[in-house]
Amino acid sequence: MERDDRKLFVLDTNVLLHEPLAIYSFKEHDVIIPMTVLEELDNIKDRKHDISRDARVAIRALEDILGGKTSPEQILNGVALPSREGHLDVSGSLSIFPDHQIDFIIGALPGDNNDNRIINTALHLQNLHQPRQVVLVTKDINMRLKAKGAGIERVEDYRTDQLIDDIRFLAKGFYQFDGDFWDKVDKVSTDREAGKVVHQVDIDAVGNEPFYSNQYLIDETSDFCGKVASKTATHLNIIDYGRERLNHLQAWGVKPKNIYQGMALNALLDPDIDLVILTGPAGCGKTLIAMAAALELVVEQNQYEKVIVTRNTPEIAESIGFLPGTEEEKMAPWLAAITDTLEVLHKNDVNPTGSMNYIMEKANVQFKSINFMRGRSIQNSVVILDECQNLTASQIKTMITRMGEGTKLVCCGNLAQIDSTYLTAVTSGLTYIVERFKDFDGSANIYLNGVVRSRLAEFAEENL
């Protein structure tokens with residue numbers, strides 16, 4: 001490939017924090033890390049934040065390539081990136097640019113902060129290497145705007161792990177047919193398998209939708225509600241449940257308030273489904289349904305031994321030590337949604353507090369910090385990962401790979417409530433796993449449509 005055809009990608013610090021091995025994602029093109037980025041990684045690596053680990057991984061990745069007997073001249077000119085598993089097509093180079101040596105150039109921003117120094121580096125390289133294309137990659141929206149205003153021709157977000165461009169196209173876990181489902185079907189073959197009624201229908205008759213495993217199917221006018229058991233090139237095998245049956249499911253005294261909660265409860269109580277992903281607006285019942293199903297599975301059905309509840313808490317590493325008590329007691333402020341849910345589930349008992357304490361002991365409910373989940377292998381448990389819209393793809397992968405034999409993982413999140421600085425709805429780890437696992441026969445994903453918390457919450461969700 002001609003040298004001018006190879007792009008120069010200048011990476012911002014937040015790209016390496018979002019994906020520590022991002023340097024391998026640019027194939028035949030060259031990657032440049034400004035010295036300011038190394039300084040920022042150095043400042044972050046020793047903090048008591050979850051991103052500190054990502055900073056250390058990124059630094060080690062750079063050391064593996066640039067360390068050893070590499071000379072300063074080679075580091076400045078570029079060292080060939082080695083191919084690695086998952087990135088066998090890498091053929092570009094990696095270099096460190098000493099941005100503190102840049103003289104004042106036209107369009108340069110005041111060098112009084114790190115973002116400006118990185119932008120000035122990209123601007124300098126753009127002038128130096130023309131007509132070769134220089135691309136600044138950053139997940140900071142405001143920095144992208146500043147870079148464009150400073151005169152950088154190509155500024156991009158890091159989107160390698162972004163599977164969809166618009167959140168409206170995210171899989172909801174169910175498909176609703178217009179009118180009556182049975183009006184669309186000319187031929188159907190019905191059989192009974194393991195106590196379940198399974199229909200085999202012509203896939204062309206039900207439309208061109210890309211159906212996938214464990215996707216629920218409903219229609220507008222009839223009582224039909226089914227789930228895709230399997231599919232072939234010509235046929236769709238559908239387990240027939242019926243709306244009435246799903247709406248009368250029950251777990252720990254909780255009944256679904258709508259068909260979406262019914263589908264969610266069906267997936268949660270299904271022993272063949274290891275991962276259940278619940279998304280939806282605030283007040284749609286994600287946490288309540290998940291907790292009720294967990295108690296049902298552990299206490300009533302004895303399918304699992306304990307319930308582990310965890311969530312992403314970016315500031316927890318610094319502030320958890322100042323709180324009194326055990327790890328569970330320290331975690332309580334961040335998992336108040338769970339204790340609130342337990343209170344709701346036992347509000348009609350004679351002694352609600354005593355009932356809560358008894359059930360938490362009986363079900364072995366444990367509150368765990370996500371920071372201490374790495375390296376564990378969790379067996380025979382129901383794990384509820386709450387507020388997981390704030391996790392990156394790599395963080396959520398770390399959590400999922402902790403799950404051992406006989407464990408069910410429930411991921412709950414609302415993509416409209418992302419608190420992370422560098423995540424958006426389309427780059428969230430929650431979006432990532434919805435798309436990655438949508439055709440896995442051991443998982444189900446349900447978007448809980450509709451707010452059931454209160455009419456006030458429903459009006460706020462629709463109008464604010």
# chains A, B, ... in the order shown; residues from 1 in each chain; ligands from 1
>>> select_by_dssp(residues="region 144-189 of chain A", states="alpha helix (DSSP H)", output="PyMOL selection string")
chain A and resi 144-150
>>> write_last_selection(atoms="N, CA and C atoms", output="CSV table (one decimal), in the first residue's frame")
chain,number,residue,atom,x,y,z
A,144,ARG,N,-14.4,17.0,20.0
A,144,ARG,CA,-14.5,16.9,18.6
A,144,ARG,C,-15.0,18.2,17.9
A,145,LEU,N,-15.8,18.9,18.6
A,145,LEU,CA,-16.3,20.2,18.1
A,145,LEU,C,-15.1,21.2,18.1
A,146,LYS,N,-14.3,21.2,19.2
A,146,LYS,CA,-13.2,22.1,19.2
A,146,LYS,C,-12.2,21.8,18.1
A,147,ALA,N,-11.9,20.5,17.9
A,147,ALA,CA,-11.0,20.1,16.9
A,147,ALA,C,-11.4,20.6,15.5
A,148,LYS,N,-12.7,20.4,15.2
A,148,LYS,CA,-13.2,20.8,13.9
A,148,LYS,C,-13.1,22.4,13.8
A,149,GLY,N,-13.3,23.1,14.9
A,149,GLY,CA,-13.2,24.5,14.8
A,149,GLY,C,-11.8,25.0,14.7
A,150,ALA,N,-10.8,24.2,15.1
A,150,ALA,CA,-9.4,24.5,15.0
A,150,ALA,C,-8.8,24.2,13.6
>>> residues_around(residues="Val206 (chain A)", least_positions_apart="4", cutoff="12 Å", atoms="only C-alpha atoms", output="VMD selection string")
chain A and resid 175 to 188 200 to 202 210 to 211 217 to 219 234 to 238
>>> write_last_selection(atoms="N, CA and C atoms", output="compact mmCIF listing (two decimals), in the first residue's frame")
# COMPACT_ATOMS: atom_id res chain seq x y z
N TYR A 175 -41.44 -9.03 18.92
CA TYR A 175 -41.92 -8.44 17.66
C TYR A 175 -43.44 -8.47 17.66
N GLN A 176 -44.06 -7.32 17.35
CA GLN A 176 -45.52 -7.24 17.35
C GLN A 176 -46.03 -7.19 15.92
N PHE A 177 -46.89 -8.16 15.58
CA PHE A 177 -47.50 -8.20 14.26
C PHE A 177 -48.70 -7.27 14.21
N ASP A 178 -48.93 -6.69 13.05
CA ASP A 178 -50.15 -5.90 12.83
C ASP A 178 -51.34 -6.84 12.72
N GLY A 179 -52.44 -6.48 13.33
CA GLY A 179 -53.64 -7.29 13.23
C GLY A 179 -53.53 -8.61 13.96
N ASP A 180 -54.13 -9.67 13.40
CA ASP A 180 -54.16 -11.00 13.99
C ASP A 180 -53.06 -11.86 13.38
N PHE A 181 -52.24 -12.47 14.23
CA PHE A 181 -51.13 -13.29 13.74
C PHE A 181 -51.62 -14.44 12.86
N TRP A 182 -52.72 -15.09 13.26
CA TRP A 182 -53.18 -16.29 12.55
C TRP A 182 -53.77 -15.96 11.19
N ASP A 183 -54.13 -14.71 10.94
CA ASP A 183 -54.61 -14.32 9.61
C ASP A 183 -53.48 -14.35 8.58
N LYS A 184 -52.23 -14.29 9.05
CA LYS A 184 -51.08 -14.26 8.15
C LYS A 184 -50.59 -15.67 7.80
N VAL A 185 -51.01 -16.64 8.58
CA VAL A 185 -50.46 -17.99 8.44
C VAL A 185 -51.43 -18.87 7.64
N ASP A 186 -50.95 -19.43 6.52
CA ASP A 186 -51.78 -20.32 5.71
C ASP A 186 -51.64 -21.77 6.17
N LYS A 187 -50.41 -22.18 6.43
CA LYS A 187 -50.14 -23.56 6.83
C LYS A 187 -49.42 -23.57 8.17
N VAL A 188 -49.83 -24.47 9.03
CA VAL A 188 -49.18 -24.59 10.32
C VAL A 188 -49.15 -26.07 10.73
N GLN A 200 -45.02 -24.99 13.81
CA GLN A 200 -44.04 -24.78 12.74
C GLN A 200 -44.76 -24.04 11.61
N VAL A 201 -44.31 -22.81 11.30
CA VAL A 201 -44.95 -22.00 10.27
C VAL A 201 -43.93 -21.63 9.21
N ASP A 202 -44.44 -21.30 8.05
CA ASP A 202 -43.59 -20.86 6.94
C ASP A 202 -43.03 -19.49 7.27
N PRO A 210 -35.95 -10.32 10.62
CA PRO A 210 -34.88 -11.29 10.95
C PRO A 210 -35.09 -11.88 12.34
N PHE A 211 -35.98 -12.86 12.45
CA PHE A 211 -36.31 -13.46 13.74
C PHE A 211 -35.09 -14.16 14.34
N LEU A 217 -43.14 -13.16 20.34
CA LEU A 217 -44.01 -12.72 19.25
C LEU A 217 -45.40 -12.44 19.80
N ILE A 218 -45.93 -11.26 19.52
CA ILE A 218 -47.29 -10.90 19.93
C ILE A 218 -47.99 -10.24 18.75
N ASP A 219 -49.29 -10.07 18.86
CA ASP A 219 -50.01 -9.35 17.82
C ASP A 219 -50.92 -8.32 18.46
N THR A 234 -36.38 -21.95 6.01
CA THR A 234 -37.75 -21.91 5.48
C THR A 234 -38.84 -21.87 6.55
N HIS A 235 -38.51 -22.31 7.77
CA HIS A 235 -39.56 -22.43 8.78
C HIS A 235 -39.16 -21.79 10.11
N LEU A 236 -40.21 -21.43 10.85
CA LEU A 236 -40.05 -20.85 12.18
C LEU A 236 -40.78 -21.75 13.17
N ASN A 237 -40.10 -22.20 14.21
CA ASN A 237 -40.72 -23.00 15.26
C ASN A 237 -41.05 -22.11 16.45
N ILE A 238 -42.33 -22.03 16.78
CA ILE A 238 -42.80 -21.07 17.79
C ILE A 238 -43.46 -21.82 18.94
>>> select_by_dssp(residues="region 24-265 of chain A", states="strand (DSSP E)", output="VMD selection string")
chain A and resid 30 to 34 79 to 80 93 to 97 134 to 137 154 to 156 174 to 177 188 to 193 196 to 202 216 to 219 225 to 231 235 to 240
>>> write_last_selection(atoms="N, CA and C atoms", output="short mmCIF file (atom, residue, chain, number, x, y, z; two decimals), in the first residue's frame")
data_model
loop_
_atom_site.label_atom_id
_atom_site.label_comp_id
_atom_site.auth_asym_id
_atom_site.auth_seq_id
_atom_site.Cartn_x
_atom_site.Cartn_y
_atom_site.Cartn_z
N ASP A 30 -1.58 3.77 10.64
CA ASP A 30 -0.63 4.06 11.70
C ASP A 30 -1.30 4.77 12.86
N VAL A 31 -0.83 4.48 14.07
CA VAL A 31 -1.41 5.04 15.29
C VAL A 31 -0.37 5.89 16.00
N ILE A 32 -0.79 7.07 16.42
CA ILE A 32 0.11 7.98 17.14
C ILE A 32 -0.50 8.30 18.51
N ILE A 33 0.30 8.15 19.55
CA ILE A 33 -0.11 8.49 20.91
C ILE A 33 0.65 9.74 21.34
N PRO A 34 -0.02 10.88 21.53
CA PRO A 34 0.67 12.08 22.02
C PRO A 34 1.21 11.86 23.43
N VAL A 79 6.88 1.98 15.38
CA VAL A 79 7.24 0.58 15.54
C VAL A 79 6.09 -0.27 15.03
N ALA A 80 6.39 -1.30 14.24
CA ALA A 80 5.35 -2.14 13.65
C ALA A 80 4.49 -2.79 14.72
N SER A 93 1.74 0.88 12.23
CA SER A 93 2.79 1.14 13.21
C SER A 93 2.25 1.96 14.36
N LEU A 94 3.00 1.97 15.45
CA LEU A 94 2.65 2.73 16.65
C LEU A 94 3.82 3.63 17.00
N SER A 95 3.52 4.90 17.30
CA SER A 95 4.57 5.84 17.69
C SER A 95 4.08 6.77 18.78
N ILE A 96 5.04 7.32 19.52
CA ILE A 96 4.76 8.33 20.54
C ILE A 96 5.22 9.68 20.00
N PHE A 97 4.35 10.69 20.10
CA PHE A 97 4.71 12.00 19.57
C PHE A 97 4.98 12.97 20.72
N VAL A 134 -4.91 12.69 8.29
CA VAL A 134 -4.71 12.58 9.74
C VAL A 134 -6.08 12.62 10.40
N VAL A 135 -6.36 11.65 11.28
CA VAL A 135 -7.66 11.54 11.93
C VAL A 135 -7.47 11.60 13.45
N LEU A 136 -8.16 12.54 14.09
CA LEU A 136 -8.17 12.60 15.55
C LEU A 136 -9.34 11.77 16.05
N VAL A 137 -9.07 10.81 16.94
CA VAL A 137 -10.11 9.92 17.46
C VAL A 137 -10.32 10.22 18.94
N ARG A 154 -10.44 15.69 9.77
CA ARG A 154 -11.13 14.44 10.13
C ARG A 154 -11.08 14.25 11.64
N VAL A 155 -12.24 14.27 12.26
CA VAL A 155 -12.37 14.01 13.70
C VAL A 155 -13.46 12.96 13.86
N GLU A 156 -13.16 11.87 14.57
CA GLU A 156 -14.12 10.77 14.67
C GLU A 156 -14.25 10.26 16.10
N PHE A 174 -38.86 -8.62 21.40
CA PHE A 174 -40.18 -9.08 20.96
C PHE A 174 -40.53 -8.40 19.64
N TYR A 175 -41.44 -9.03 18.92
CA TYR A 175 -41.92 -8.44 17.66
C TYR A 175 -43.44 -8.47 17.66
N GLN A 176 -44.06 -7.32 17.35
CA GLN A 176 -45.52 -7.24 17.35
C GLN A 176 -46.03 -7.19 15.92
N PHE A 177 -46.89 -8.16 15.58
CA PHE A 177 -47.50 -8.20 14.26
C PHE A 177 -48.70 -7.27 14.21
N VAL A 188 -49.83 -24.47 9.03
CA VAL A 188 -49.18 -24.59 10.32
C VAL A 188 -49.15 -26.07 10.73
N SER A 189 -48.03 -26.49 11.26
CA SER A 189 -47.89 -27.84 11.78
C SER A 189 -47.66 -27.73 13.29
N THR A 190 -48.53 -28.35 14.07
CA THR A 190 -48.48 -28.21 15.53
C THR A 190 -48.10 -29.53 16.18
N ASP A 191 -47.20 -29.44 17.14
CA ASP A 191 -46.76 -30.63 17.86
C ASP A 191 -46.58 -30.27 19.33
N ARG A 192 -46.47 -31.27 20.16
CA ARG A 192 -46.25 -31.04 21.59
C ARG A 192 -44.89 -31.61 21.97
N GLU A 193 -44.02 -30.74 22.51
CA GLU A 193 -42.67 -31.14 22.89
C GLU A 193 -42.42 -30.76 24.34
N LYS A 196 -44.90 -28.54 25.89
CA LYS A 196 -45.11 -27.23 25.25
C LYS A 196 -45.69 -27.42 23.87
N VAL A 197 -46.62 -26.54 23.50
CA VAL A 197 -47.21 -26.55 22.17
C VAL A 197 -46.31 -25.77 21.23
N VAL A 198 -45.82 -26.45 20.18
CA VAL A 198 -44.88 -25.82 19.25
C VAL A 198 -45.49 -25.82 17.86
N HIS A 199 -45.58 -24.61 17.27
CA HIS A 199 -46.09 -24.46 15.91
C HIS A 199 -44.92 -24.31 14.94
N GLN A 200 -45.02 -24.99 13.81
CA GLN A 200 -44.04 -24.78 12.74
C GLN A 200 -44.76 -24.04 11.61
N VAL A 201 -44.31 -22.81 11.30
CA VAL A 201 -44.95 -22.00 10.27
C VAL A 201 -43.93 -21.63 9.21
N ASP A 202 -44.44 -21.30 8.05
CA ASP A 202 -43.59 -20.86 6.94
C ASP A 202 -43.03 -19.49 7.27
N TYR A 216 -39.77 -13.02 21.52
CA TYR A 216 -41.20 -13.19 21.75
C TYR A 216 -41.99 -12.57 20.61
N LEU A 217 -43.14 -13.16 20.34
CA LEU A 217 -44.01 -12.72 19.25
C LEU A 217 -45.40 -12.44 19.80
N ILE A 218 -45.93 -11.26 19.52
CA ILE A 218 -47.29 -10.90 19.93
C ILE A 218 -47.99 -10.24 18.75
N ASP A 219 -49.29 -10.07 18.86
CA ASP A 219 -50.01 -9.35 17.82
C ASP A 219 -50.92 -8.32 18.46
N CYS A 225 -49.46 -15.15 21.87
CA CYS A 225 -48.13 -14.77 22.36
C CYS A 225 -47.26 -16.01 22.32
N GLY A 226 -46.17 -15.93 21.58
CA GLY A 226 -45.28 -17.07 21.44
C GLY A 226 -43.83 -16.66 21.56
N LYS A 227 -42.95 -17.65 21.47
CA LYS A 227 -41.52 -17.41 21.54
C LYS A 227 -40.83 -18.27 20.49
N VAL A 228 -39.87 -17.67 19.79
CA VAL A 228 -39.15 -18.41 18.75
C VAL A 228 -38.27 -19.45 19.42
N ALA A 229 -38.56 -20.74 19.15
CA ALA A 229 -37.75 -21.82 19.70
C ALA A 229 -36.54 -22.09 18.83
N SER A 230 -36.75 -22.06 17.54
CA SER A 230 -35.66 -22.26 16.57
C SER A 230 -36.16 -21.82 15.20
N LYS A 231 -35.24 -21.71 14.27
CA LYS A 231 -35.62 -21.34 12.91
C LYS A 231 -34.69 -22.02 11.92
N HIS A 235 -38.51 -22.31 7.77
CA HIS A 235 -39.56 -22.43 8.78
C HIS A 235 -39.16 -21.79 10.11
N LEU A 236 -40.21 -21.43 10.85
CA LEU A 236 -40.05 -20.85 12.18
C LEU A 236 -40.78 -21.75 13.17
N ASN A 237 -40.10 -22.20 14.21
CA ASN A 237 -40.72 -23.00 15.26
C ASN A 237 -41.05 -22.11 16.45
N ILE A 238 -42.33 -22.03 16.78
CA ILE A 238 -42.80 -21.07 17.79
C ILE A 238 -43.46 -21.82 18.94
N ILE A 239 -42.98 -21.55 20.17
CA ILE A 239 -43.64 -22.08 21.37
C ILE A 239 -44.84 -21.19 21.68
N ASP A 240 -46.02 -21.76 21.76
CA ASP A 240 -47.25 -20.99 21.98
C ASP A 240 -47.55 -20.91 23.48
#
>>> residues_around(residues="region 116-124 of chain A", least_positions_apart="6", cutoff="6 Å", atoms="only C-alpha atoms", output="VMD selection string")
chain A and resid 99 108 to 109 147 152
>>> closest_residue(among="A:Gly242, A:Gly173, A:Gly285, A:Pro110", to="Gln261 (chain A)", atoms="only C-alpha atoms")
A:Gly285
